[in-house]
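> My file is entry-v5.tsv. It has TSV, C-alpha atoms (C1' of nucleotides):
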```tsv
chain	number	residue	atom	x	y	z
A	1	ASP	CA	14.20	41.84	-36.61
A	2	GLY	CA	16.94	40.48	-38.80
A	3	LYS	CA	19.61	40.38	-36.15
A	4	ASP	CA	18.97	37.01	-34.62
A	5	GLY	CA	20.94	34.81	-36.94
A	6	VAL	CA	23.98	34.26	-34.84
A	7	GLN	CA	23.51	32.12	-31.77
A	8	GLY	CA	22.06	32.25	-28.32
A	9	HIS	CA	18.83	34.16	-28.37
A	10	GLY	CA	16.77	34.30	-31.52
A	11	LYS	CA	14.15	32.19	-33.15
A	12	CYS	CA	16.88	30.36	-35.02
A	13	ASP	CA	17.65	28.55	-31.80
A	14	TYR	CA	14.08	27.87	-30.97
A	15	GLU	CA	13.27	26.49	-34.39
A	16	THR	CA	15.12	23.27	-33.72
A	17	VAL	CA	12.31	22.14	-31.43
A	18	PHE	CA	9.58	21.59	-34.01
A	19	THR	CA	11.05	21.95	-37.45
A	20	ASN	CA	13.08	18.81	-37.64
A	21	ALA	CA	11.26	16.78	-40.22
A	22	LYS	CA	8.77	14.17	-39.17
A	23	ALA	CA	7.11	11.67	-41.46
A	24	GLY	CA	4.43	13.27	-43.59
A	25	MET	CA	5.88	16.74	-43.20
A	26	ASP	CA	8.04	17.03	-46.30
A	27	ASN	CA	5.90	19.72	-47.91
A	28	VAL	CA	5.42	21.79	-44.80
A	29	ASP	CA	6.41	25.46	-44.97
A	30	LYS	CA	8.97	25.15	-42.20
A	31	ASP	CA	9.81	28.82	-42.05
A	32	TYR	CA	6.18	29.64	-41.49
A	33	VAL	CA	5.84	27.05	-38.74
A	34	ARG	CA	9.01	28.29	-37.09
A	35	ASP	CA	7.76	31.87	-37.10
A	36	MET	CA	4.38	30.88	-35.74
A	37	VAL	CA	5.90	28.81	-32.93
A	38	TYR	CA	8.23	31.65	-32.11
A	39	GLU	CA	5.52	34.31	-32.11
A	40	MET	CA	3.29	32.26	-29.85
A	41	SER	CA	6.07	31.28	-27.50
A	42	LYS	CA	8.31	34.28	-27.14
A	43	ASN	CA	6.66	35.83	-24.12
A	44	SER	CA	6.14	32.65	-22.16
A	45	LYS	CA	7.98	31.42	-19.10
A	46	PHE	CA	8.68	28.22	-20.94
A	47	PHE	CA	10.50	30.10	-23.69
A	48	VAL	CA	12.66	32.08	-21.30
A	49	ASN	CA	13.57	28.88	-19.53
A	50	GLU	CA	14.51	27.20	-22.79
A	51	GLN	CA	16.76	30.07	-23.71
A	52	GLN	CA	18.43	29.96	-20.34
A	53	LYS	CA	19.19	26.30	-20.81
A	54	ASN	CA	20.56	26.95	-24.29
A	55	GLN	CA	22.78	29.66	-22.92
A	56	GLN	CA	24.14	27.38	-20.24
A	57	SER	CA	24.96	24.68	-22.73
A	58	ASP	CA	26.59	27.27	-24.97
A	59	GLU	CA	28.85	28.26	-22.12
A	60	ARG	CA	29.79	24.67	-21.40
A	61	ASN	CA	30.51	24.23	-25.09
A	62	LYS	CA	32.72	27.31	-25.16
A	63	ARG	CA	34.80	26.02	-22.28
A	64	LEU	CA	35.14	22.64	-23.93
A	65	LYS	CA	36.06	24.23	-27.24
A	66	ALA	CA	38.79	26.25	-25.55
A	67	ARG	CA	40.20	23.03	-24.12
A	68	VAL	CA	40.13	21.42	-27.56
A	69	GLU	CA	41.90	24.37	-29.14
A	70	ALA	CA	44.57	24.25	-26.46
A	71	LEU	CA	45.50	20.66	-27.26
A	72	THR	CA	49.07	20.27	-28.44
A	73	GLN	CA	50.01	18.37	-31.55
A	74	ALA	CA	51.60	15.72	-29.41
A	75	GLU	CA	48.42	15.26	-27.40
A	76	LEU	CA	46.37	15.01	-30.55
A	77	ASN	CA	48.73	12.49	-32.07
A	78	SER	CA	48.63	10.24	-29.07
A	79	ALA	CA	44.84	10.51	-28.83
A	80	CYS	CA	44.59	9.68	-32.49
A	81	GLN	CA	46.60	6.52	-31.98
A	82	ILE	CA	44.38	5.43	-29.13
A	83	ALA	CA	41.28	6.15	-31.18
A	84	ASP	CA	42.65	4.33	-34.22
A	85	ARG	CA	43.41	1.23	-32.18
A	86	PHE	CA	39.88	1.25	-30.79
A	87	ILE	CA	38.28	1.88	-34.19
A	88	ASP	CA	40.27	-0.91	-35.85
A	89	SER	CA	39.33	-3.44	-33.25
A	90	GLU	CA	35.65	-2.45	-33.34
A	91	ASP	CA	35.66	-2.58	-37.11
A	92	ASP	CA	37.26	-6.04	-36.99
A	93	GLY	CA	34.58	-7.25	-34.64
A	94	ARG	CA	31.79	-5.98	-36.85
A	95	ASP	CA	29.00	-8.56	-36.99
A	96	LEU	CA	27.04	-8.58	-40.23
A	97	SER	CA	25.56	-12.00	-39.73
A	98	ARG	CA	22.33	-11.04	-38.02
A	99	THR	CA	19.25	-9.25	-39.32
A	100	PHE	CA	17.33	-6.82	-37.13
A	101	VAL	CA	14.03	-5.15	-37.81
A	102	HIS	CA	12.79	-2.03	-36.07
A	103	VAL	CA	9.01	-1.87	-36.20
A	104	ASP	CA	7.46	1.55	-35.67
A	105	MET	CA	3.69	2.12	-35.70
A	106	ASP	CA	2.52	5.02	-37.89
A	107	ALA	CA	0.83	7.80	-35.86
A	108	PHE	CA	-0.19	5.13	-33.39
A	109	PHE	CA	-2.75	6.87	-31.16
A	110	ALA	CA	-4.27	8.74	-34.11
A	111	GLY	CA	-4.50	5.51	-36.06
A	112	ILE	CA	-6.52	3.86	-33.31
A	113	GLU	CA	-8.87	6.82	-33.13
A	114	ILE	CA	-9.40	6.63	-36.89
A	115	LEU	CA	-10.24	2.94	-36.63
A	116	LYS	CA	-12.81	3.84	-33.99
A	117	ASN	CA	-14.20	6.62	-36.14
A	118	PRO	CA	-13.10	6.53	-39.81
A	119	ASP	CA	-14.46	10.03	-40.47
A	120	LEU	CA	-11.49	11.33	-38.50
A	121	ALA	CA	-9.14	10.36	-41.32
A	122	ASN	CA	-10.16	13.36	-43.40
A	123	VAL	CA	-9.95	16.11	-40.82
A	124	PRO	CA	-6.86	17.37	-39.04
A	125	PHE	CA	-6.80	16.20	-35.44
A	126	GLY	CA	-4.43	15.51	-32.61
A	127	THR	CA	-4.60	13.42	-29.48
A	128	GLY	CA	-3.95	15.34	-26.30
A	129	SER	CA	-4.97	18.77	-25.09
A	130	LEU	CA	-4.59	22.46	-25.81
A	131	ALA	CA	-1.49	22.29	-23.66
A	132	MET	CA	0.21	19.29	-25.28
A	133	LEU	CA	-0.34	16.91	-28.18
A	134	SER	CA	0.93	13.35	-28.13
A	135	THR	CA	0.09	12.52	-31.77
A	136	ALA	CA	-1.15	14.26	-34.90
A	137	ASN	CA	-2.80	12.49	-37.81
A	138	TYR	CA	-1.35	12.90	-41.29
A	139	GLU	CA	-3.96	15.48	-42.26
A	140	ALA	CA	-2.82	17.69	-39.37
A	141	ARG	CA	0.84	17.16	-40.20
A	142	LYS	CA	0.31	18.92	-43.51
A	143	TYR	CA	-0.19	22.07	-41.45
A	144	GLY	CA	3.04	21.52	-39.53
A	145	VAL	CA	1.33	20.03	-36.51
A	146	ARG	CA	3.29	17.26	-34.81
A	147	SER	CA	3.62	15.30	-31.62
A	148	ALA	CA	4.96	17.11	-28.57
A	149	MET	CA	3.62	20.40	-29.89
A	150	PRO	CA	1.42	22.52	-27.61
A	151	GLY	CA	-2.17	22.18	-28.79
A	152	PHE	CA	-2.90	25.90	-28.83
A	153	ILE	CA	-0.07	26.50	-31.29
A	154	ALA	CA	-1.19	23.56	-33.43
A	155	LYS	CA	-4.69	24.98	-33.47
A	156	GLU	CA	-3.42	28.31	-34.73
A	157	LEU	CA	-1.35	26.63	-37.46
A	158	CYS	CA	-4.53	25.01	-38.81
A	159	ARG	CA	-6.61	28.14	-38.44
A	160	LYS	CA	-4.04	30.23	-40.33
A	161	PRO	CA	-2.13	27.96	-42.72
A	162	SER	CA	0.88	29.29	-44.55
A	163	PRO	CA	-0.12	31.58	-47.43
A	164	ARG	CA	2.56	29.84	-49.48
A	165	SER	CA	0.75	26.53	-49.12
A	166	ASN	CA	-2.55	25.67	-50.76
A	167	LEU	CA	-4.05	24.54	-47.47
A	168	LYS	CA	-7.52	25.69	-46.51
A	169	PRO	CA	-8.00	27.09	-43.01
A	170	ALA	CA	-9.28	24.32	-40.77
A	171	GLU	CA	-10.35	23.76	-37.22
A	172	LEU	CA	-8.02	21.34	-35.45
A	173	LEU	CA	-9.94	18.67	-33.61
A	174	PHE	CA	-8.76	17.54	-30.19
A	175	VAL	CA	-9.22	13.97	-29.13
A	176	GLY	CA	-8.65	13.64	-25.40
A	177	ASN	CA	-6.35	11.11	-23.83
A	178	TYR	CA	-9.14	9.13	-22.23
A	179	ARG	CA	-8.44	6.02	-24.30
A	180	HIS	CA	-4.94	5.43	-23.02
A	181	GLY	CA	-5.94	2.09	-21.56
A	182	GLU	CA	-7.00	0.94	-24.98
A	183	TYR	CA	-3.77	2.17	-26.58
A	184	SER	CA	-1.82	-0.02	-24.17
A	185	HIS	CA	-4.09	-2.94	-24.86
A	186	VAL	CA	-3.61	-2.64	-28.61
A	187	SER	CA	0.12	-2.30	-28.06
A	188	LYS	CA	0.21	-5.57	-26.11
A	189	GLN	CA	-1.63	-7.37	-28.90
A	190	ILE	CA	0.80	-6.09	-31.50
A	191	MET	CA	3.79	-7.11	-29.40
A	192	LYS	CA	2.33	-10.58	-29.02
A	193	VAL	CA	2.05	-10.89	-32.78
A	194	LEU	CA	5.61	-9.67	-33.25
A	195	GLU	CA	6.86	-12.37	-30.89
A	196	GLY	CA	6.01	-14.81	-33.64
A	197	PHE	CA	8.96	-13.37	-35.54
A	198	ASP	CA	11.28	-13.21	-32.55
A	199	PRO	CA	10.44	-14.58	-29.11
A	200	HIS	CA	13.03	-12.26	-27.55
A	201	ILE	CA	11.63	-9.06	-29.06
A	202	LYS	CA	12.72	-5.82	-27.38
A	203	ARG	CA	9.93	-3.35	-26.72
A	204	ALA	CA	10.82	0.32	-27.02
A	205	GLY	CA	7.95	2.37	-25.71
A	206	ILE	CA	4.32	1.77	-26.55
A	207	ASP	CA	4.55	1.69	-30.34
A	208	GLU	CA	8.00	0.39	-31.24
A	209	ALA	CA	9.91	-2.86	-31.06
A	210	TYR	CA	13.21	-4.37	-32.12
A	211	LEU	CA	13.20	-7.86	-33.63
A	212	ASP	CA	16.09	-10.18	-34.38
A	213	VAL	CA	14.68	-12.03	-37.36
A	214	THR	CA	17.84	-13.98	-38.26
A	215	ASP	CA	16.48	-17.33	-37.13
A	216	TYR	CA	13.03	-16.64	-38.53
A	217	MET	CA	14.47	-15.84	-41.95
A	218	LYS	CA	16.60	-18.97	-41.96
A	219	LYS	CA	13.74	-21.18	-40.85
A	220	HIS	CA	11.34	-19.87	-43.49
A	221	ASP	CA	13.94	-19.23	-46.15
A	222	MET	CA	12.91	-15.60	-46.57
A	223	THR	CA	14.58	-12.45	-47.86
A	224	PRO	CA	14.63	-9.21	-45.84
A	225	THR	CA	11.98	-7.73	-48.13
A	226	GLN	CA	9.71	-10.71	-47.60
A	227	VAL	CA	10.09	-10.51	-43.82
A	228	ALA	CA	9.39	-6.78	-43.74
A	229	ASP	CA	6.28	-7.23	-45.90
A	230	LYS	CA	5.12	-10.13	-43.78
A	231	ILE	CA	5.55	-8.16	-40.56
A	232	ARG	CA	3.68	-5.20	-41.96
A	233	SER	CA	0.75	-7.20	-43.28
A	234	THR	CA	0.55	-9.27	-40.10
A	235	VAL	CA	0.39	-6.15	-37.94
A	236	GLU	CA	-2.22	-4.59	-40.18
A	237	ASN	CA	-4.37	-7.70	-40.34
A	238	THR	CA	-4.33	-8.38	-36.63
A	239	THR	CA	-5.14	-4.79	-35.70
A	240	VAL	CA	-8.07	-4.71	-38.08
A	241	THR	CA	-9.34	-7.92	-36.53
A	242	PHE	CA	-9.30	-7.00	-32.89
A	243	LEU	CA	-10.26	-3.36	-33.30
A	244	GLN	CA	-13.56	-4.27	-35.02
A	245	HIS	CA	-14.64	-1.03	-36.59
A	246	PRO	CA	-17.59	-0.34	-38.91
A	247	THR	CA	-15.68	-0.53	-42.19
A	248	PRO	CA	-13.01	-3.21	-41.79
A	249	ALA	CA	-10.95	-2.15	-44.80
A	250	ALA	CA	-7.59	-1.56	-43.21
A	251	GLY	CA	-5.90	-1.87	-39.84
A	252	LEU	CA	-3.05	0.05	-38.30
A	253	THR	CA	0.03	0.39	-40.43
A	254	CYS	CA	3.63	0.35	-39.34
A	255	SER	CA	7.00	1.03	-40.90
A	256	CYS	CA	10.04	-1.21	-40.73
A	257	GLY	CA	13.76	-0.70	-40.87
A	258	VAL	CA	15.95	-3.69	-41.67
A	259	ALA	CA	19.66	-3.61	-40.88
A	260	PRO	CA	22.50	-5.65	-39.33
A	261	ASN	CA	22.07	-3.99	-35.92
A	262	ARG	CA	19.40	-2.28	-33.84
A	263	ARG	CA	20.78	1.23	-34.04
A	264	LEU	CA	20.74	1.22	-37.84
A	265	ALA	CA	17.39	-0.56	-38.02
A	266	LYS	CA	15.84	2.20	-35.94
A	267	ILE	CA	17.13	4.88	-38.28
A	268	CYS	CA	15.93	2.91	-41.32
A	269	SER	CA	12.36	2.53	-40.07
A	270	ASP	CA	11.91	6.28	-40.35
A	271	ILE	CA	12.97	6.51	-43.98
A	272	ARG	CA	9.90	5.09	-45.72
A	273	LYS	CA	7.35	6.20	-43.14
A	274	PRO	CA	4.39	5.79	-43.21
A	275	ASN	CA	3.52	2.26	-44.27
A	276	GLY	CA	6.80	1.27	-45.85
A	277	HIS	CA	10.15	-0.31	-45.21
A	278	TYR	CA	13.80	0.39	-45.89
A	279	ILE	CA	16.53	-2.21	-46.05
A	280	LEU	CA	20.18	-1.50	-45.36
A	281	PRO	CA	22.19	-4.42	-46.76
A	282	PRO	CA	24.67	-6.17	-44.48
A	283	SER	CA	27.83	-4.91	-46.11
A	284	ARG	CA	30.52	-2.80	-44.51
A	285	ASP	CA	30.69	-0.48	-47.51
A	286	ALA	CA	26.94	0.08	-47.62
A	287	ILE	CA	26.90	0.89	-43.92
A	288	LEU	CA	29.84	3.29	-44.01
A	289	HIS	CA	28.29	5.03	-47.00
A	290	PHE	CA	24.94	5.22	-45.23
A	291	VAL	CA	26.31	6.79	-42.06
A	292	SER	CA	28.84	9.05	-43.75
A	293	THR	CA	26.32	11.83	-44.42
A	294	LEU	CA	23.71	10.83	-41.84
A	295	PRO	CA	22.80	13.80	-39.58
A	296	ILE	CA	23.94	12.99	-36.05
A	297	ARG	CA	20.54	13.97	-34.64
A	298	LYS	CA	19.01	10.91	-36.31
A	299	VAL	CA	20.93	8.68	-33.94
A	300	ASN	CA	19.06	7.43	-30.93
A	301	GLY	CA	20.83	8.93	-27.95
A	302	ILE	CA	21.97	12.14	-29.63
A	303	GLY	CA	19.49	14.79	-28.57
A	304	ARG	CA	19.33	18.56	-28.62
A	305	VAL	CA	22.24	19.07	-26.23
A	306	SER	CA	24.66	16.59	-27.79
A	307	GLU	CA	23.84	17.85	-31.25
A	308	ARG	CA	24.77	21.41	-30.24
A	309	MET	CA	27.89	20.22	-28.50
A	310	LEU	CA	29.21	18.20	-31.44
A	311	GLN	CA	28.34	20.98	-33.85
A	312	HIS	CA	29.78	23.89	-31.88
A	313	VAL	CA	32.84	22.22	-30.41
A	314	TYR	CA	33.99	19.94	-33.22
A	315	GLY	CA	32.04	21.18	-36.23
A	316	VAL	CA	30.45	17.75	-36.59
A	317	THR	CA	26.96	17.49	-38.09
A	318	GLN	CA	27.18	14.12	-39.82
A	319	CYS	CA	28.08	10.74	-38.40
A	320	GLY	CA	31.00	10.21	-40.75
A	321	GLN	CA	32.67	13.35	-39.43
A	322	LEU	CA	32.90	11.74	-36.01
A	323	LEU	CA	35.67	9.53	-37.38
A	324	GLU	CA	37.45	12.43	-39.07
A	325	HIS	CA	37.54	14.32	-35.77
A	326	ARG	CA	38.49	11.28	-33.70
A	327	ALA	CA	41.69	12.81	-32.34
A	328	ALA	CA	40.04	15.88	-30.82
A	329	ILE	CA	37.02	13.89	-29.65
A	330	CYS	CA	39.11	11.18	-28.06
A	331	ALA	CA	41.39	13.72	-26.41
A	332	SER	CA	38.63	15.81	-24.84
A	333	LEU	CA	35.70	13.54	-23.91
A	334	ARG	CA	35.29	10.74	-21.39
A	335	PRO	CA	36.27	7.26	-22.59
A	336	LEU	CA	32.73	5.95	-22.49
A	337	THR	CA	31.51	8.94	-24.49
A	338	TRP	CA	34.13	9.00	-27.24
A	339	LYS	CA	34.02	5.24	-27.67
A	340	TRP	CA	30.26	5.39	-28.06
A	341	LEU	CA	30.61	8.16	-30.64
A	342	MET	CA	33.18	6.18	-32.65
A	343	GLY	CA	30.72	3.31	-32.72
A	344	VAL	CA	28.15	5.70	-34.17
A	345	GLY	CA	30.63	6.85	-36.81
A	346	LEU	CA	31.29	3.23	-37.79
A	347	GLY	CA	27.61	2.41	-37.99
A	348	LEU	CA	27.92	-0.21	-35.25
B	1	DT	C1'	23.02	7.77	-1.67
B	2	DA	C1'	20.76	11.64	-3.50
B	3	DC	C1'	20.34	14.76	-6.87
B	4	DA	C1'	20.97	16.58	-11.68
B	5	DT	C1'	21.07	16.20	-16.63
B	6	DA	C1'	20.11	14.11	-21.13
B	7	DC	C1'	17.20	11.40	-23.81
B	8	DA	C1'	13.16	8.97	-25.64
B	9	DC	C1'	8.18	8.04	-26.32
C	1	DT	C1'	-4.89	31.02	-20.68
C	2	DA	C1'	-1.77	27.44	-22.23
C	3	DT	C1'	4.68	23.71	-23.34
C	4	DG	C1'	3.44	16.33	-20.36
C	5	DG	C1'	4.42	12.19	-17.38
C	6	DT	C1'	7.38	8.52	-16.85
C	7	DG	C1'	11.28	5.59	-17.19
C	8	DT	C1'	16.24	4.78	-18.13
C	9	DA	C1'	21.08	5.84	-18.13
C	10	DT	C1'	24.86	8.38	-16.72
C	11	DG	C1'	27.40	11.82	-14.19
C	12	DT	C1'	28.41	14.41	-9.90
C	13	DA	C1'	28.49	16.04	-4.98
```
Could you write out this file's structure as structure tokens?

Amino acid sequence: DGKDGVQGHGKCDYETVFTNAKAGMDNVDKDYVRDMVYEMSKNSKFFVNEQQKNQQSDERNKRLKARVEALTQAELNSACQIADRFIDSEDDGRDLSRTFVHVDMDAFFAGIEILKNPDLANVPFGTGSLAMLSTANYEARKYGVRSAMPGFIAKELCRKPSPRSNLKPAELLFVGNYRHGEYSHVSKQIMKVLEGFDPHIKRAGIDEAYLDVTDYMKKHDMTPTQVADKIRSTVENTTVTFLQHPTPAAGLTCSCGVAPNRRLAKICSDIRKPNGHYILPPSRDAILHFVSTLPIRKVNGIGRVSERMLQHVYGVTQCGQLLEHRAAICASLRPLTWKWLMGVGLGL
DNA sequence: TACATACAC
DNA sequence: TATGGTGTATGTA
């Protein structure tokens, strides 16, 4: 019924779980996916529990918002001064001298399965179970299937694709998780290769890593583009070598983000996914422009709860707005929290 | 210390 | 039929 547009209880709340865009899902009929997820979820215990949690966070947000609205002009002014001092000093200390790369494997588990059995590339499949998928291949993503989606819902999305799409009904294939040992093994090999670019590489989960390539670039006299291309081809070549499959045409691909710090590099690696790279130049202007309209949810560390809080309490949906609302944010959140958020707004 | 919440993969 | 398992960080009693 058309009444659930407001907040708190309808499918509009629930949609945030699976409709935020993932790579390869640009042409997905998001409304259709949202409705399907809602229809298949609405009577479950899980759904009720989710709504309860949303309601609790809404109440917390309301209390916080009341506190913000009760702030006096004097309090806001003094908070603004404190925030400004902090922001200036952070901005002064901005380090643009180093180059970081975030390397993110494309549909990692699915990619390995395709190398094992190339026929899988042309049919929609996911790794995991009817209860939960850990990865979907790009064929499945066309139907709106994505990681962390319950398999039974994914299956239904493939069986009954959106009438507004030109997708043919398909049977989603499930590949069980029995090869997890191999996934870890492949991951270790990739990390080893990446250490050639930075011996102090930071792993982030099984299929991601942060590299500081400053020294590597200097030593080999390379541009950011050259480094990103080299990393991508090296990863692809090594995976094709040690995964020995029947038709050794291509290995696993990855995407890279290049930026003056890890936080920005991570965001950049998602932009040209799959099998691409994006470079954010090391200039203050470029960075401030980049973050000004960047949705806060893209930032690592801002999840469902923080997104709702910033939106409902301060009206902030983009990183740049964090700076505009610095007075209220500084006056109402803990020091560690508001300082972290100002760093996000500055693209630090 | 122990438990709870948020977040990420 | 059916919505994970694990690790990290931070906050709170």
> Could you give me, as an NGL selection string, the residues within 12 Å of C:DT1, counting only C-alpha atoms (C1' of nucleotides) and dropping anything in the same chain fewer than 3 positions from it?
:A and (44 or 130-131 or 152)
> Which value, in Å to one decimal, gives the distance between atom CA of A:Ile112 and atom CA of A:Tyr183?
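The value is 7.5 Å.
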> What is the atom CA of A:Ile287 to atom CA of A:Val68 distance in Å?
29.4 Å
> Find the distance between atom CA of A:Asp84 and atom CA of A:Gly315 and write it in Å to one decimal.
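Atom-to-atom, atom CA of A:Asp84 to atom CA of A:Gly315, that is 20.0 Å.
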> Please check which residues have atoms at most 12 Å from (5.1, 9.1, -20.5) in the file's coordinates, counting all atoms listed in the file, and write them as number ranges by chain.
A: 134, 148, 180, 205-206; B: 8-9; C: 4-7
> With all atoms listed in the file as the atoms that count, which of A:Ser89, A:Thr214, A:Thr135, A:Asn261 lies nearest to chain B?
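Of the candidates, the smallest distance to chain B is held by A:Thr135.
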> Chain A residues within 10 Å of chain B, counting all atoms listed in the file: which ones, as a count of residues only?
14
> Which residue out of A:Leu336, A:His325, A:Val235, A:Ala331 has the minimum interatomic distance to chain C when only C-alpha atoms (C1' of nucleotides) are used?
A:Leu336
> Write out as CSV the residues of chain A that have any atom within 12 Å of an atom of chain C, one row each with the nearest atom pair and its distance in Å to one decimal, counting all atoms listed in the file, sorted by chain and then rising number.

```
residue,atom,partner,partner_atom,distance
A:Val17,CA,C:DT3,C1',11.2
A:Phe18,CA,C:DT3,C1',11.9
A:Val37,CA,C:DT3,C1',10.9
A:Met40,CA,C:DA2,C1',10.3
A:Ser41,CA,C:DT3,C1',8.7
A:Lys42,CA,C:DT3,C1',11.8
A:Ser44,CA,C:DT3,C1',9.1
A:Lys45,CA,C:DT3,C1',9.4
A:Phe46,CA,C:DT3,C1',6.5
A:Phe47,CA,C:DT3,C1',8.7
A:Val48,CA,C:DT3,C1',11.7
A:Asn49,CA,C:DT3,C1',11.0
A:Glu50,CA,C:DT3,C1',10.4
A:Gly128,CA,C:DG4,C1',9.5
A:Ser129,CA,C:DA2,C1',9.7
A:Leu130,CA,C:DA2,C1',6.8
A:Ala131,CA,C:DA2,C1',5.4
A:Met132,CA,C:DT3,C1',6.6
A:Leu133,CA,C:DG4,C1',8.7
A:Ser134,CA,C:DG4,C1',8.7
A:Ser147,CA,C:DG4,C1',11.3
A:Ala148,CA,C:DG4,C1',8.4
A:Met149,CA,C:DT3,C1',7.4
A:Pro150,CA,C:DT3,C1',5.5
A:Gly151,CA,C:DA2,C1',8.4
A:Phe152,CA,C:DA2,C1',6.9
A:Ile153,CA,C:DA2,C1',9.3
A:Ala154,CA,C:DT3,C1',11.7
A:Lys155,CA,C:DA2,C1',11.9
A:Asn177,CA,C:DG4,C1',11.6
A:Ala204,CA,C:DG7,C1',11.2
A:Gly205,CA,C:DG7,C1',9.7
A:Gly301,CA,C:DA9,C1',10.3
A:Arg334,CA,C:DG11,C1',10.7
A:Leu336,CA,C:DT10,C1',10.1
A:Thr337,CA,C:DT10,C1',10.2
```
> Do you know which residues are at most 9 Å from A:Tyr216 counting only C-alpha atoms (C1' of nucleotides), after dropping those on the same chain fewer than 5 positions away, and could you put them as JSON, numbers by chain?
{"A": [196, 197, 198, 221, 222, 227]}
> For each of A:Arg159, A:Ile267, A:Arg98, A:Leu322, take the minimum atom-to-atom distance to A:Asp215, counting all atoms listed in the file, then give the residue where this is smallest.
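Between A:Arg159, A:Ile267, A:Arg98, A:Leu322, the residue approaching A:Asp215 most closely is A:Arg98.
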